[in-house]
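A.B. asks: I have a structure here, written as structure tokens, and I will follow up with some questions on it.
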Amino acid sequence: MRILGIETSCDETGIAIYDSERGLLSHALYSQVTLHAPYGGVVPELASRDHIRRIIPLIKQVLTESSLLPTDLDGVAYTAGPGLIGALLVGAAVGRSLAWTWQVPALGVHHMEGHLLAAMLESPAPTYPFLALLVSGGHTQLVQATAIGQYQVLGESADDAAGEAFDKTAKLLGLGYPGGPAIAQLAAQGAADVFTFPRPMTQRPGLDFSFSGLKTHTATTWKNSAQTEQIRADIARAFEEAVIDTLAIKCRRALQQTGLSKLVIAGGVGANQRLRQTLTALAKELGITVYYPRPIFCTDNGAMIAYAGYLRLAAGQQAPLGFKVQPRWLMSEI
């Protein structure tokens with residue numbers, strides 16, 4: 001079974017083809033980072049227009065790289081939410097139209113389910129049940145996964161997601177966009193223990209997150225400092241360590257609470273090397289196994305949508321001829 005996957009939820013156009021027998025055949029990704037960098041964040045209308053420009057050439061590219069014709073495909077999967085409504089409509093309209101033209105089934109995929117399943121594109125792949133830390137620009141969630149479509153959200157962010165906090169903090173420190181890589185690069189030059197930032201919501205029970213206060217604390221510290229380049233780096237390191245320690249503390253708590261022995265990391269922040277080192281050390285301490293997608297599959301991509309679409313299409317699910325997108329779509333509603 002060969003599935004074309006289309007991802008256009010935000011600022012990356014991702015296209016891929018997944019084969020149930022041969023695995024991932026081809027994937028292509030176009031990032032809009034340079035387009036949005038002057039604004040310090042994603043401009044929705046610009047994102048939608050760029051998806052329109054890129055999507056068809058990228059589909060042609062992955063077909064060529066896979067040595068396939070449209071008639072060789074068995075289905076089309078596209079991101080139906082959550083995300084920017086204009087961006088989602090581009091992928092959904094193109095995906096549903098192509099599926100109708102090619103006379104194959106189509107399916108709208110939940111963006112975060114795609115992230116959650118991205119580690120299954122690797123070898124060895126995790127098996128159910130497992131705990132997933134979904135950590136990206138729009139979401140920070142701890143999810144217990146027992147089977148495809150059977151997810152329980154154990155905790156989530158009450159305000160800014162971790163990736164959003166990275167972006168906003170990078171902007172207030174005068175760094176580039178996206179904020180995660182910019183802060184990580186600067187933090188590598190920072191000294192440890194110069195600043196100690198709070199680990200929000202770790203002193204109370206529960207698995208929810210909150211990073212808005214940490215962002216404010218960082219802004220206040222920067223405003224009241226001498227604002228040298230070294231202090232900027234020291235603050236970046238303190239902020240990064242606070243976010244990562246908070247994520248690790250909540251992962252430890254969730255693993256102990258559920259008794260699960262497998263931890264899956266997904267989402268753009270999952271590419272952060274300090275986070276990976278911290279969670280790998282935690283896994284060793286607890287005697288569990290941690291799984292990561294390769295960095296290119298941590299960010300938004302078509303491969304994860306193709307794979308998630310394959311699992312659901314193979315189970316007999318498909319979308320009607322009409323389609324809809326959901327800018328807000330809880331995992332509990334899948």
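Just remember, in the structure tokens the first chain shown is A, the second B, etc., residues are 1-based per chain, and ligands are 1-based in the order shown.
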Using DSSP on the backbone coordinates, identify all residues within segment 22-161 of chain A classified as strand (DSSP E); present the result as a ChimeraX atom specification.
C.D. replies: /A:23-31,75-81,106-110,130-135,140-147,150-156
A.B. asks: List the spatial neighbours of Val43 of chain A as a PyMOL selection string - criterion: any atom at most 12 Å away, only C-alpha atoms, same-chain residues fewer than 6 positions off excluded.
C.D. replies: chain A and resi 10-11+32-37+49-50+84+86-87
A.B. asks: Need to verify the contact set: Thr196 of chain A, 12 Å, only C-alpha atoms, exclusion of same-chain residues closer than 6 positions in sequence. Can you return it as an NGL selection string?
C.D. replies: :A and (214 or 217-218 or 221 or 234-243 or 245)
A.B. asks: How would you write, as a PyMOL selection string, the set of residues in segment 50-282 of chain A that DSSP gives as alpha helix (DSSP H)?
C.D. replies: chain A and resi 50-65+85-102+111-117+162-172+179-187+212-223+229-258+273-282
A.B. asks: What's around Leu133 of chain A at 6 Å? Count only C-alpha atoms, leave out sequence neighbours fewer than 2 positions away in its own chain, and write the answer as a PyMOL selection string.
C.D. replies: chain A and resi 141-142+265
A.B. asks: Calculate how many Å separate atom CA of Gly176 of chain A from atom CA of Gly81 of chain A, rounding to one decimal.
C.D. replies: 27.1 Å
A.B. asks: Nearest to Arg232 of chain A: which of A:Leu275, A:Val325, A:Ala182, A:Leu247 is it, counting only C-alpha atoms?
C.D. replies: A:Ala182
A.B. asks: Pick from A:Ala266, A:Ala118, A:Leu154, A:Ala80: nearest to Phe323 of chain A, with only C-alpha atoms counted?
C.D. replies: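 Once distances to Phe323 of chain A are computed over only C-alpha atoms, the minimum belongs to A:Ala80.
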A.B. asks: Between A:Ala187, A:Ala308, A:Ile334, A:Val135, which one has atoms that come closest to Ala16 of chain A, using only C-alpha atoms?
C.D. replies: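 The closest residue to Ala16 of chain A is A:Ala308.
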A.B. asks: Can you tell me which residues surround Leu279 of chain A at a distance of at most 9 Å, considering only C-alpha atoms, apart from same-chain residues fewer than 6 positions away, and format the answer as a PyMOL selection string?
C.D. replies: chain A and resi 244+247-248+251+290
A.B. asks: Just want the 8 Å neighbourhood of segment 319-322 of chain A, counted on only C-alpha atoms, with same-chain residues fewer than 6 positions away dropped. Output as a list in words.
C.D. replies: Arg96, Trp100, Pro105, Ala106, Leu107 and Gly108 of chain A
A.B. asks: Which one is closest to Asp74 of chain A: A:Arg2, A:Arg294, A:Arg253, A:Arg312? Count only C-alpha atoms.
C.D. replies: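 Under the stated criterion, the closest residue is A:Arg2.
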